[in-house]
Each structure stands twice: as C-alpha cells, then as structure tokens.
>>> print(open('my_file18.txt').read())   # compact mmCIF, C-alpha atoms
# COMPACT_ATOMS: atom_id res chain seq x y z
CA MET D 1 157.86 162.72 98.09
CA ALA D 2 159.48 159.48 97.09
CA LYS D 3 157.22 156.46 96.91
CA ARG D 4 157.92 154.20 99.82
CA ASP D 5 158.44 150.47 99.17
CA ALA D 6 156.15 148.09 100.97
CA PRO D 7 158.13 146.76 103.91
CA GLU D 8 159.50 143.27 103.28
CA ILE D 9 158.06 140.53 105.44
CA ASN D 10 160.76 138.76 107.35
CA ALA D 11 160.75 135.14 106.26
CA GLY D 12 163.42 134.07 108.69
CA SER D 13 160.98 132.45 111.10
CA MET D 14 159.43 130.40 108.34
CA ALA D 15 162.27 127.93 108.66
CA ASP D 16 161.65 127.64 112.38
CA ILE D 17 157.99 126.84 111.88
CA ALA D 18 158.81 124.30 109.20
CA PHE D 19 161.42 122.71 111.43
CA LEU D 20 158.89 122.41 114.21
CA LEU D 21 156.47 120.57 111.95
CA LEU D 22 159.29 118.45 110.57
CA VAL D 23 160.35 117.35 114.04
CA PHE D 24 156.74 116.49 114.87
CA PHE D 25 156.42 114.20 111.86
CA LEU D 26 159.85 112.72 112.45
CA VAL D 27 158.83 111.72 115.96
CA THR D 28 155.37 110.38 115.15
CA THR D 29 156.40 108.52 112.06
CA THR D 30 156.63 104.77 112.23
CA MET D 31 157.81 102.99 109.17
CA ASP D 32 155.28 100.31 109.94
CA SER D 33 155.87 96.97 108.34
CA ASP D 34 152.72 95.90 106.56
CA MET D 35 154.21 92.65 105.35
CA GLY D 36 153.24 89.20 106.43
CA MET D 37 152.76 85.59 105.54
CA MET D 38 149.19 85.05 104.40
CA ARG D 39 147.60 81.81 105.54
CA LYS D 40 144.12 80.34 105.64
CA LEU D 41 142.74 78.58 108.66
CA PRO D 42 140.69 75.44 108.11
CA PRO D 43 136.97 75.99 108.70
CA THR D 44 135.36 74.31 111.67
CA LEU D 45 133.84 71.01 110.65
CA PRO D 46 130.35 69.99 111.63
CA PRO D 47 130.53 67.25 114.29
CA ASP D 48 128.60 64.72 112.20
CA MET D 49 131.14 64.87 109.35
CA PRO D 50 132.30 61.45 108.27
CA LYS D 51 136.00 60.88 108.89
CA PRO D 52 138.16 61.56 105.84
CA PRO D 53 139.81 58.49 104.34
CA PRO D 54 143.25 57.83 105.80
CA ILE D 55 146.23 59.11 103.83
CA LYS D 56 149.02 56.70 103.04
CA ASP D 57 152.16 57.20 105.09
CA ARG D 58 154.32 57.69 102.01
CA ASN D 59 152.23 60.69 101.00
CA VAL D 60 152.68 62.54 104.29
CA PHE D 61 155.72 64.58 105.23
CA VAL D 62 155.63 64.83 108.99
CA VAL D 63 157.30 67.82 110.63
CA LEU D 64 157.26 67.91 114.41
CA ALA D 65 158.57 70.78 116.51
CA ASN D 66 159.06 70.28 120.24
CA SER D 67 159.21 72.70 123.15
CA ASN D 68 163.03 72.84 122.93
CA ASP D 69 162.73 74.16 119.36
CA GLN D 70 164.05 70.95 117.82
CA LEU D 71 162.67 69.56 114.60
CA LEU D 72 161.82 65.96 113.88
CA VAL D 73 161.26 65.49 110.17
CA GLU D 74 160.02 62.08 108.98
CA GLY D 75 161.38 60.52 112.16
CA GLU D 76 164.80 62.12 112.00
CA LEU D 77 166.25 65.04 113.90
CA MET D 78 166.90 67.84 111.44
CA ASP D 79 168.25 71.35 111.45
CA ILE D 80 166.01 74.12 110.12
CA SER D 81 168.54 74.87 107.37
CA GLN D 82 167.99 71.45 105.77
CA LEU D 83 164.20 71.53 105.92
CA LYS D 84 163.68 73.30 102.61
CA GLU D 85 165.72 70.81 100.56
CA ALA D 86 164.07 67.86 102.29
CA ALA D 87 160.62 69.30 101.61
CA LYS D 88 161.46 70.01 97.98
CA GLU D 89 162.64 66.46 97.41
CA PHE D 90 159.51 65.13 99.07
CA ILE D 91 157.11 67.32 97.07
CA GLU D 92 158.73 66.72 93.72
CA ASN D 93 159.85 63.08 94.11
CA PRO D 94 161.93 63.33 90.93
CA MET D 95 163.11 59.70 90.91
CA ASN D 96 159.70 58.20 91.73
CA VAL D 97 161.08 56.64 94.87
CA GLU D 98 158.83 54.11 96.61
CA THR D 99 158.93 55.90 99.97
CA LEU D 100 158.09 59.33 98.58
CA PRO D 101 154.58 60.39 97.48
CA GLU D 102 152.56 58.63 94.81
CA LYS D 103 151.76 60.45 91.61
CA LYS D 104 148.52 60.60 89.75
CA PRO D 105 148.15 61.69 86.11
CA THR D 106 146.01 64.80 86.06
CA GLU D 107 144.68 66.86 83.19
CA ILE D 108 145.87 70.44 83.64
CA PRO D 109 145.11 73.27 81.21
CA LEU D 110 148.23 74.67 79.47
CA PHE D 111 150.32 71.64 80.47
CA GLY D 112 148.24 68.69 79.31
CA THR D 113 148.46 65.54 81.36
CA ARG D 114 150.96 65.66 84.18
CA GLN D 115 152.04 63.50 87.04
CA VAL D 116 150.91 65.32 90.15
CA SER D 117 152.14 64.01 93.45
CA LYS D 118 149.66 63.39 96.23
CA GLN D 119 151.88 65.12 98.77
CA VAL D 120 150.64 66.50 102.07
CA ILE D 121 152.84 68.20 104.63
CA SER D 122 151.76 67.70 108.19
CA LEU D 123 153.02 70.18 110.73
CA GLN D 124 152.64 69.66 114.41
CA ASN D 125 154.08 71.79 117.14
CA ASP D 126 154.11 71.74 120.89
CA ASN D 127 152.48 74.39 123.04
CA GLY D 128 155.97 75.32 124.18
CA THR D 129 157.43 75.78 120.69
CA SER D 130 158.60 79.33 120.14
CA TYR D 131 156.74 81.47 117.65
CA GLU D 132 160.00 82.27 115.90
CA LEU D 133 160.67 78.61 115.09
CA TYR D 134 157.08 78.15 113.95
CA ILE D 135 157.43 81.07 111.53
CA GLN D 136 160.76 79.74 110.31
CA VAL D 137 159.25 76.33 109.58
CA GLN D 138 156.31 77.94 107.77
CA ASN D 139 158.76 80.09 105.85
CA GLU D 140 160.98 77.17 104.80
CA LEU D 141 158.00 75.10 103.66
CA ALA D 142 156.58 78.03 101.69
CA ALA D 143 160.02 78.60 100.19
CA ALA D 144 160.15 74.95 99.09
CA TYR D 145 156.85 75.30 97.24
CA ASN D 146 157.82 78.65 95.76
CA GLU D 147 161.16 77.38 94.47
CA LEU D 148 159.53 74.40 92.78
CA ARG D 149 156.87 76.64 91.26
CA ASP D 150 159.55 79.06 90.13
CA GLN D 151 161.50 76.27 88.47
CA LEU D 152 158.37 75.09 86.65
CA ALA D 153 157.54 78.63 85.53
CA ARG D 154 161.05 79.05 84.12
CA ASP D 155 160.93 75.69 82.34
CA GLU D 156 157.48 76.17 80.84
CA PHE D 157 157.10 79.91 80.33
CA GLY D 158 160.67 81.20 80.51
CA VAL D 159 159.86 83.70 83.25
CA SER D 160 160.06 83.57 87.01
CA TYR D 161 157.00 82.75 89.09
CA GLN D 162 157.19 86.18 90.69
CA ASP D 163 156.97 87.75 87.23
CA LEU D 164 153.76 85.84 86.55
CA ILE D 165 152.32 87.11 89.82
CA ASP D 166 153.40 90.68 89.04
CA LYS D 167 151.83 90.51 85.59
CA LYS D 168 148.69 88.88 87.00
CA GLU D 169 148.76 85.98 84.52
CA LYS D 170 146.06 84.11 86.38
CA ALA D 171 145.73 81.13 84.03
CA LYS D 172 149.43 80.33 84.15
CA ILE D 173 149.62 80.77 87.92
CA LYS D 174 146.62 78.51 88.35
CA ALA D 175 148.19 75.80 86.18
CA ILE D 176 151.42 75.95 88.19
CA LYS D 177 149.52 75.78 91.44
CA ARG D 178 147.70 72.70 90.15
CA VAL D 179 151.04 70.94 89.64
CA PHE D 180 152.42 71.95 93.04
CA PRO D 181 149.45 72.61 95.31
CA GLN D 182 150.44 73.89 98.72
CA ARG D 183 149.02 71.41 101.17
CA ILE D 184 150.21 72.15 104.69
CA SER D 185 148.06 70.63 107.35
CA GLU D 186 148.48 71.76 110.92
CA ALA D 187 147.57 69.33 113.63
CA GLU D 188 146.34 70.49 117.01
CA PRO D 189 149.39 71.11 119.18
CA LYS D 190 150.31 68.69 121.89
CA ASP D 191 151.24 69.74 125.35
CA VAL D 192 154.33 67.78 126.26
CA GLY D 193 156.78 69.23 128.71
CA ASN D 194 156.71 72.96 129.09
CA MET M 1 194.18 155.91 91.92
CA ALA M 2 193.91 154.91 95.53
CA SER M 3 190.28 153.97 95.16
CA LYS M 4 191.01 151.25 92.62
CA PHE M 5 192.89 149.17 95.14
CA LYS M 6 190.71 150.02 98.05
CA LYS M 7 191.32 147.89 101.04
CA ASP M 8 188.56 146.14 102.92
CA ASP M 9 186.54 148.80 104.55
CA GLY M 10 185.47 146.60 107.47
CA LYS M 11 182.27 145.25 105.92
CA GLY M 12 183.43 141.58 106.02
CA ASP M 13 182.12 138.76 103.78
CA PRO M 14 178.58 139.11 102.50
CA ALA M 15 176.10 137.02 104.53
CA ILE M 16 175.09 133.68 102.98
CA SER M 17 171.48 133.85 101.98
CA THR M 18 169.30 131.53 104.04
CA ALA M 19 166.22 132.26 101.98
CA SER M 20 166.20 128.78 100.45
CA LEU M 21 166.42 127.07 103.83
CA PRO M 22 162.64 127.02 104.33
CA ASP M 23 162.25 125.44 100.92
CA ILE M 24 164.58 122.60 101.80
CA VAL M 25 162.92 122.07 105.14
CA PHE M 26 159.48 122.11 103.56
CA MET M 27 160.61 119.51 101.09
CA LEU M 28 161.68 117.22 103.94
CA LEU M 29 158.47 118.05 105.77
CA PHE M 30 156.29 116.98 102.85
CA PHE M 31 158.26 113.78 102.49
CA PHE M 32 157.58 112.82 106.08
CA MET M 33 153.96 113.95 105.91
CA VAL M 34 153.36 111.68 102.96
CA THR M 35 155.22 108.64 104.24
CA THR M 36 154.08 108.85 107.82
CA VAL M 37 151.66 106.34 109.22
CA MET M 38 150.12 107.33 112.50
CA ARG M 39 150.50 104.53 114.99
CA GLU M 40 147.03 103.06 115.25
CA VAL M 41 147.28 101.96 118.87
CA ASP M 42 149.54 102.39 121.85
CA LEU M 43 151.36 99.15 122.27
CA LYS M 44 150.99 97.64 125.70
CA VAL M 45 152.99 94.54 124.87
CA ASN M 46 156.56 94.16 123.63
CA VAL M 47 156.48 92.88 120.09
CA VAL M 48 159.54 92.07 118.01
CA VAL M 49 158.19 90.20 115.00
CA PRO M 50 160.29 87.43 113.46
CA SER M 51 161.82 87.73 110.03
CA ALA M 52 160.90 85.70 106.97
CA THR M 53 161.45 85.73 103.23
CA GLU M 54 158.25 84.34 101.70
CA ILE M 55 156.02 87.29 102.50
CA GLN M 56 153.41 89.42 100.81
CA LYS M 57 152.27 92.98 101.27
CA PHE M 58 148.75 93.71 102.44
CA LYS M 59 146.63 94.93 99.58
CA ASN M 60 144.31 97.06 101.65
CA LYS M 61 145.38 98.15 105.09
CA SER M 62 141.91 99.22 106.20
CA LEU M 63 140.76 95.59 106.03
CA VAL M 64 143.38 94.40 108.50
CA THR M 65 142.66 93.71 112.16
CA TYR M 66 145.72 93.42 114.35
CA ILE M 67 146.13 91.09 117.29
CA TYR M 68 149.21 91.77 119.40
CA ILE M 69 150.73 89.11 121.61
CA GLY M 70 153.80 89.57 123.74
CA SER M 71 155.06 90.24 127.24
CA PRO M 72 153.51 93.31 128.93
CA THR M 73 155.48 96.53 128.77
CA GLU M 74 154.61 97.26 132.39
CA LYS M 75 157.03 95.31 134.54
CA LYS M 76 154.58 94.80 137.41
CA LEU M 77 152.32 92.72 135.18
CA GLY M 78 154.90 89.98 134.95
CA THR M 79 156.47 88.47 131.89
CA SER M 80 153.91 85.92 130.71
CA SER M 81 152.51 86.66 127.25
CA ARG M 82 149.39 88.78 127.03
CA ILE M 83 147.01 89.53 124.20
CA GLN M 84 146.25 93.10 123.19
CA LEU M 85 143.15 93.91 121.16
CA GLY M 86 142.68 97.53 120.23
CA ASP M 87 143.93 99.62 123.12
CA ALA M 88 143.51 97.15 125.95
CA TYR M 89 144.66 93.80 127.25
CA ALA M 90 142.28 90.97 126.52
CA GLU M 91 141.79 87.29 127.13
CA VAL M 92 141.55 84.57 124.53
CA LYS M 93 137.77 84.38 124.87
CA ASP M 94 137.42 88.09 123.93
CA VAL M 95 138.90 87.56 120.48
CA GLY M 96 135.66 86.40 118.87
CA ALA M 97 133.68 89.41 120.13
CA TYR M 98 136.42 91.79 118.99
CA ILE M 99 136.38 90.33 115.49
CA GLU M 100 132.60 90.70 115.41
CA THR M 101 132.77 94.40 116.38
CA ARG M 102 135.41 94.95 113.71
CA ARG M 103 133.13 93.30 111.18
CA GLY M 104 130.35 95.66 112.17
CA GLU M 105 132.54 98.58 111.11
CA HIS M 106 132.76 97.31 107.55
CA ASP M 107 130.31 96.76 104.71
CA GLU M 108 128.86 93.32 104.48
CA ALA M 109 130.53 92.83 101.12
CA GLU M 110 133.93 93.49 102.66
CA VAL M 111 133.57 91.04 105.53
CA PRO M 112 134.94 87.99 103.67
CA LEU M 113 138.00 90.04 102.71
CA LEU M 114 138.92 90.97 106.28
CA VAL M 115 142.33 89.76 107.36
CA THR M 116 143.46 89.17 110.91
CA ALA M 117 147.14 89.94 111.32
CA PHE M 118 149.17 88.40 114.12
CA LYS M 119 151.81 90.71 115.51
CA VAL M 120 153.45 88.27 117.83
CA ASP M 121 156.73 88.55 119.65
CA ARG M 122 159.30 86.00 118.54
CA GLU M 123 159.81 84.72 122.09
CA THR M 124 156.14 83.86 122.54
CA LYS M 125 155.17 80.24 123.00
CA MET M 126 152.86 78.71 120.41
CA GLY M 127 150.23 77.68 122.97
CA ILE M 128 148.61 81.11 123.23
CA VAL M 129 148.84 81.67 119.46
CA THR M 130 147.06 78.39 118.79
CA GLU M 131 144.30 79.27 121.26
CA VAL M 132 143.71 82.55 119.44
CA LYS M 133 143.66 80.72 116.10
CA GLN M 134 141.02 78.32 117.44
CA GLU M 135 138.91 81.32 118.53
CA LEU M 136 139.21 82.79 115.04
CA ARG M 137 138.07 79.52 113.52
CA LYS M 138 134.98 79.60 115.74
CA VAL M 139 133.93 82.98 114.29
CA SER M 140 135.02 81.94 110.77
CA ALA M 141 137.69 84.62 110.51
CA LEU M 142 139.83 82.32 108.41
CA LYS M 143 142.10 84.73 106.58
CA ILE M 144 145.12 85.36 108.72
CA SER M 145 148.55 86.81 108.28
CA TYR M 146 151.65 86.42 110.41
CA SER M 147 153.32 89.81 110.47
CA THR M 148 157.03 89.56 109.82
CA VAL M 149 159.85 91.75 108.70
CA GLU M 150 161.63 90.94 105.51
CA GLY M 151 164.98 89.30 105.90
CA LEU M 152 166.78 86.06 106.39
CA ALA M 153 165.75 84.05 109.39
CA SER M 154 168.05 84.71 112.28
CA ASN M 155 169.47 81.46 113.59
>>> encode(input="my_file18.txt", output="structure tokens")
Amino acid sequence: MAKRDAPEINAGSMADIAFLLLVFFLVTTTMDSDMGMMRKLPPTLPPDMPKPPPIKDRNVFVVLANSNDQLLVEGELMDISQLKEAAKEFIENPMNVETLPEKKPTEIPLFGTRQVSKQVISLQNDNGTSYELYIQVQNELAAAYNELRDQLARDEFGVSYQDLIDKKEKAKIKAIKRVFPQRISEAEPKDVGN
Amino acid sequence: MASKFKKDDGKGDPAISTASLPDIVFMLLFFFMVTTVMREVDLKVNVVVPSATEIQKFKNKSLVTYIYIGSPTEKKLGTSSRIQLGDAYAEVKDVGAYIETRRGEHDEAEVPLLVTAFKVDRETKMGIVTEVKQELRKVSALKISYSTVEGLASN
C-alpha cells in the first residue's frame, strides 16, 4: 500500500483572519500627536512677599491681545506676522537704541564678558481672546528667542542651536541661554468686552 | 507529431498563488500593531488643537496628564466650552483634586516631572484656560504643555 501524504492544511482562511485583525487596528489606531509647547507656570507667591522693584519701561516689551484677536505691541496695532521681527529687534537691541532694553556686562562661561540685555516680554490677554491667537503669540515669541539663539550658536560654535540640543551639549546650551534668557511674563487677563 | 503542437486542452491559465497574501497582510498588521496608540479616553468635547512651529515632543508619555477643553460633542449641552478630565465633564474647581489623584498614581520621585498637557480647541476663549492655569498654580502643578500640531500657523 502506498504511503499516504499528510493532508495539507488549507491556509486560505489565514488571510481572512489577518485582514480582520488588520481592520481592527486600522480602526482603533489614532496617530496621536504628542507634541506641544512646554511652558512653566509661575509659582504662587506668599502674600507677605515684598513687591519686586519696578522694571524700567524701556526694558519691557508689552504685547496686548484683545477679545477681537487684535494685537497691540508697544502701543501700536500690529499684525501677528510682524511680531517675531519686532520681538527679535527688542531682545537683541543691536544698535543700543535708547528706547530698547539696557544691557549689562555679564560674565558667562565659554563666552567671557558679554552685554546681556535686561529684556522682559510682558504678555497680557483678554478673557475673550481666542486660544488660537494666544498660541500663535506664544509661538512667535518663542520663535524670536530660538532664532536669536540659533544665530549665536552658528556664530560661536558653527552649528545650529537644534544640533546642540540634539547632541545634548549642556554647557553650550546653558551659555547661549544666559545670553538670551527667555523671559515671558504673563499678566492676569483682563475682562474687557466679551 | 500532433502532440508536439497540442492545443489548449481546456485547462486555462494556471491559478495565481495567493500563498504569500497572508504574509503581506501580516506585515501590515504588525506595522499597525506597533504604531497604534489606544485612545486613552473617549472625547466628550470637540478639540481641534492649533498649529505651531516651536514645539517639543514629550519625553515620557506616562507622565502626562491631559486636560481637554472645548465645546461639548452632545448638541443638547450647548456650545459653551467645557472641561473634560479623564472620562467625564468637570468644573474648574475639580482640576486640583484631579491632579492630586493623578499624583497618587505615580512614585513620589516622579511627581515633580509630571506634565499637564492642555488639549484645547482653537476656538476656545482664553478665560477658561486661564482659570484652569490658576487652579494648577494652586496645587503647584507648574509644568504645562500646550498641545499643538506641527505646522505653520493658519492665518
């Protein structure tokens, strides 16, 4: 008697099962965005804290956003697209203009003594300002700082600021941040016209 | 020699083998299994996050607490912005307690690293967002993140 072959298992339905699973994962999958703008909130101050000394007007870059999503920057109506350049000029003050921030010589490791501007950006919005505009303003201001830091990184180290972050060169990043510290102060929102 | 030039005897073309089909499908399946992220909560509010360019990726997703703010998905609840914590609607005053319970789920050493992520609809007014931020300050949850998608600002 001839030896009988073991009967072949039909693998045709394997594809069906796999398709079923595939469809399940296709439906449940969400390419969730886990990106965001990291910020730090100021800690609550004890009520008996002495008032901080006033900051000179020339050192403060005032950005106001109203409930109609209009921007008032240093007393002038401005479009969001111009905010970054205005902020960059304010932070850097390349010509040492009288109306832009003062500078103070500071000892910084890696750079030696540098003129660091005493800039502060003050951001105030209305309760009726849209979240989208708020994020755009935050984004433009962050972009202003990042571009200045990037320029400095290229001038001093010959690499982009992002490269320094990627390579985790902490000392260099720290030195750059000392030259252009990100100082964005958010005032309590006002409630004018909703 | 008739057999040498035998005509088609009615068998037709040989069937294309589908044996490799499961392999291809499995490959796709594994791709989706690996990349998939199960939605952590059912969204009860409509959230379309704004876009921005200066953004970072979260280092550790398990340390992130999400706060959703947007208009309710159920029409009968109106259109004013609501806060969603976990699976349910909440009020501003509940935020502190929610952060505390989330802290309880983590090691004490991890607590200072916890991040609160705002998933806020772009149409939302800042008033409610600011109130939530003030609540977070009260419980010293100072690390926050505004969730955005990457891209140029749309305006």
>>> interface_residues(input="my_file18.txt", of="chain M", to="chain D", cutoff="7 Å", atoms="only C-alpha atoms", output="ChimeraX atom specification")
/M:21-22,25-26,29,32-33,36-39,50,52-58,122-127,137-138,140,142-149,153
>>> closest_residue(input="my_file18.txt", among="M:Glu110, M:Asp121, M:Asp23, M:Asp94", to="Val64 of chain M", atoms="all atoms listed in the file")
M:Glu110
>>> atom_distance(input="my_file18.txt", atom1="atom CA of Leu63 of chain M", atom2="atom CA of Thr101 of chain M")
13.1 Å
>>> atom_distance(input="my_file18.txt", atom1="atom CA of Lys61 of chain M", atom2="atom CA of Glu169 of chain D")
24.1 Å
>>> residues_around(input="my_file18.txt", residues="segment 101-114 of chain D", least_positions_apart="6", cutoff="12 Å", atoms="only C-alpha atoms", output="JSON, numbers by chain")
{"D": [55, 56, 57, 58, 59, 60, 61, 87, 88, 89, 90, 91, 92, 93, 94, 95, 120, 121, 152, 153, 155, 156, 157, 170, 171, 172, 173, 174, 175, 176, 177, 178, 179, 180]}
>>> atom_distance(input="my_file18.txt", atom1="atom CA of Pro72 of chain M", atom2="atom CA of Gln84 of chain M")
9.3 Å
>>> residues_around(input="my_file18.txt", residues="Tyr66 of chain M", least_positions_apart="6", cutoff="12 Å", atoms="only C-alpha atoms", output="mmCIF file with C-alpha atoms, keeping the file's coordinate frame")
data_model
loop_
_atom_site.group_PDB
_atom_site.id
_atom_site.type_symbol
_atom_site.label_atom_id
_atom_site.label_comp_id
_atom_site.auth_asym_id
_atom_site.auth_seq_id
_atom_site.Cartn_x
_atom_site.Cartn_y
_atom_site.Cartn_z
ATOM 1 C CA ASP D 34 152.720 95.900 106.560
ATOM 2 C CA GLY D 36 153.240 89.200 106.430
ATOM 3 C CA GLU M 40 147.030 103.060 115.250
ATOM 4 C CA VAL M 41 147.280 101.960 118.870
ATOM 5 C CA LEU M 43 151.360 99.150 122.270
ATOM 6 C CA ILE M 83 147.010 89.530 124.200
ATOM 7 C CA GLN M 84 146.250 93.100 123.190
ATOM 8 C CA LEU M 85 143.150 93.910 121.160
ATOM 9 C CA GLY M 86 142.680 97.530 120.230
ATOM 10 C CA ASP M 87 143.930 99.620 123.120
ATOM 11 C CA VAL M 95 138.900 87.560 120.480
ATOM 12 C CA TYR M 98 136.420 91.790 118.990
ATOM 13 C CA ILE M 99 136.380 90.330 115.490
ATOM 14 C CA ARG M 102 135.410 94.950 113.710
ATOM 15 C CA LEU M 114 138.920 90.970 106.280
ATOM 16 C CA VAL M 115 142.330 89.760 107.360
ATOM 17 C CA THR M 116 143.460 89.170 110.910
ATOM 18 C CA ALA M 117 147.140 89.940 111.320
ATOM 19 C CA PHE M 118 149.170 88.400 114.120
ATOM 20 C CA LYS M 119 151.810 90.710 115.510
ATOM 21 C CA VAL M 120 153.450 88.270 117.830
ATOM 22 C CA ILE M 144 145.120 85.360 108.720
ATOM 23 C CA SER M 145 148.550 86.810 108.280
ATOM 24 C CA TYR M 146 151.650 86.420 110.410
ATOM 25 C CA SER M 147 153.320 89.810 110.470
#
>>> closest_residue(input="my_file18.txt", among="M:Ile128, M:Ala141, M:Ala88, M:Val111", to="Asp42 of chain M", atoms="only C-alpha atoms")
M:Ala88
>>> residues_around(input="my_file18.txt", residues="Glu135 of chain M", least_positions_apart="3", cutoff="8 Å", atoms="all atoms listed in the file", output="ChimeraX atom specification")
/M:92-93,95-96,131-132,138-139
>>> build_atoms(input="my_file18.txt", residues="segment 169-190 of chain D", atoms="N, CA, C and O atoms", output="compact mmCIF listing (two decimals), in the frame of the given file")
# COMPACT_ATOMS: atom_id res chain seq x y z
N GLU D 169 149.13 86.99 85.51
CA GLU D 169 148.76 85.98 84.52
C GLU D 169 148.07 84.83 85.25
O GLU D 169 148.67 83.80 85.53
N LYS D 170 146.79 85.03 85.50
CA LYS D 170 146.06 84.11 86.38
C LYS D 170 146.05 82.68 85.88
O LYS D 170 146.20 81.74 86.66
N ALA D 171 145.86 82.48 84.56
CA ALA D 171 145.73 81.13 84.03
C ALA D 171 147.02 80.34 84.25
O ALA D 171 146.99 79.17 84.66
N LYS D 172 148.14 81.00 83.99
CA LYS D 172 149.43 80.33 84.15
C LYS D 172 149.71 80.02 85.63
O LYS D 172 150.20 78.93 85.97
N ILE D 173 149.40 80.99 86.49
CA ILE D 173 149.62 80.77 87.92
C ILE D 173 148.77 79.61 88.41
O ILE D 173 149.24 78.73 89.14
N LYS D 174 147.53 79.57 87.92
CA LYS D 174 146.62 78.51 88.35
C LYS D 174 147.15 77.14 87.91
O LYS D 174 147.11 76.18 88.69
N ALA D 175 147.66 77.08 86.69
CA ALA D 175 148.19 75.80 86.18
C ALA D 175 149.37 75.35 87.03
O ALA D 175 149.48 74.17 87.39
N ILE D 176 150.25 76.30 87.37
CA ILE D 176 151.42 75.95 88.19
C ILE D 176 150.99 75.48 89.57
O ILE D 176 151.50 74.51 90.11
N LYS D 177 149.99 76.18 90.11
CA LYS D 177 149.52 75.78 91.44
C LYS D 177 148.86 74.41 91.41
O LYS D 177 148.86 73.69 92.41
N ARG D 178 148.30 74.04 90.24
CA ARG D 178 147.70 72.70 90.15
C ARG D 178 148.79 71.62 90.19
O ARG D 178 148.58 70.54 90.71
N VAL D 179 149.96 71.93 89.64
CA VAL D 179 151.04 70.94 89.64
C VAL D 179 151.65 70.82 91.04
O VAL D 179 151.94 69.73 91.52
N PHE D 180 151.87 71.97 91.68
CA PHE D 180 152.42 71.95 93.04
C PHE D 180 151.46 72.63 94.01
O PHE D 180 151.68 73.76 94.43
N PRO D 181 150.37 71.97 94.36
CA PRO D 181 149.45 72.61 95.31
C PRO D 181 150.06 72.64 96.70
O PRO D 181 150.71 71.68 97.11
N GLN D 182 149.88 73.76 97.37
CA GLN D 182 150.44 73.89 98.72
C GLN D 182 149.49 73.25 99.71
O GLN D 182 148.43 73.78 100.00
N ARG D 183 149.88 72.10 100.21
CA ARG D 183 149.02 71.41 101.17
C ARG D 183 149.79 71.27 102.47
O ARG D 183 150.58 70.35 102.66
N ILE D 184 149.59 72.23 103.36
CA ILE D 184 150.21 72.15 104.69
C ILE D 184 149.08 71.99 105.69
O ILE D 184 148.21 72.85 105.80
N SER D 185 149.10 70.88 106.37
CA SER D 185 148.06 70.63 107.35
C SER D 185 148.65 70.78 108.73
O SER D 185 149.71 70.23 109.03
N GLU D 186 147.97 71.55 109.56
CA GLU D 186 148.48 71.76 110.92
C GLU D 186 147.64 70.97 111.90
O GLU D 186 146.43 71.16 111.98
N ALA D 187 148.30 70.10 112.63
CA ALA D 187 147.57 69.33 113.63
C ALA D 187 147.45 70.17 114.90
O ALA D 187 148.20 71.11 115.10
N GLU D 188 146.48 69.81 115.72
CA GLU D 188 146.34 70.49 117.01
C GLU D 188 147.62 70.26 117.81
O GLU D 188 148.16 69.16 117.82
N PRO D 189 148.13 71.30 118.47
CA PRO D 189 149.39 71.11 119.18
C PRO D 189 149.23 70.20 120.39
O PRO D 189 148.18 70.11 121.00
N LYS D 190 150.30 69.53 120.69
CA LYS D 190 150.31 68.69 121.89
C LYS D 190 150.92 69.50 123.02
O LYS D 190 151.62 70.48 122.78
